[in-house]
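Asks: Here it is, the structure in full.
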Amino acid sequence: KATIILVTHEIDEAIYVAQRLLVLPPKPVTCYHDMTIDIHKQREVVFTQEFADLRSQALRFLEKESSRP
């Protein structure tokens, strides 16, 4: 098995290529949220409700983290 780590600031890209998505806060770096991405990898996946739900979930965690003092 191979593990590839891709760092991106694009949520859509992360959901599209990943099997697992880790949301990391600024400093100190810890895993803030761990999401399993279990959708079929096909070009049309970005137009599905499941993709939109995963995107909303990731955005909620990023917004929640950015509002922390």
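Lettering and numbering for the structure tokens are positional, with chains as A, B, ... in the shown order, residues counted from 1 in each chain, and ligands counted from 1 in the shown order.
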Need to verify the contact set: A:Arg20, 12 Å, only C-alpha atoms, exclusion of same-chain residues closer than 3 positions in sequence. Can you return it as a list in words?
Replies: Thr3, Ile4, Ile5, Leu6, Ala14, Ile15, Tyr16, Val17, Val23, His33, Asp34, Met35, Thr36, Ile37, Asp38, Ile39, Leu54 and Ala58 of chain A
Asks: What does the distance between atom CA of A:Glu44 and atom CA of A:Leu24 come to in Å, to one decimal place?
Replies: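 Computing it gives 27.5 Å between the two atoms.
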Asks: As a PyMOL selection string, please: every residue in stretch 1-61 of chain A that DSSP puts in alpha helix (DSSP H).
Replies: chain A and resi 11-17+49-61
Asks: Rounded to one decimal in Å, what is the spacing between atom CA of A:Ala2 and atom CA of A:Glu50?
Replies: 26.4 Å
Asks: Hey, can you check how far atom CA of A:Leu21 sits from atom CA of A:Ala52?
Replies: 14.7 Å
Asks: Find the residue from A:Lys64, A:Arg55, A:Leu22, A:Gln49 that sits nearest to A:Thr8; use only C-alpha atoms when measuring.
Replies: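 Selected residue with least distance to A:Thr8: A:Leu22.
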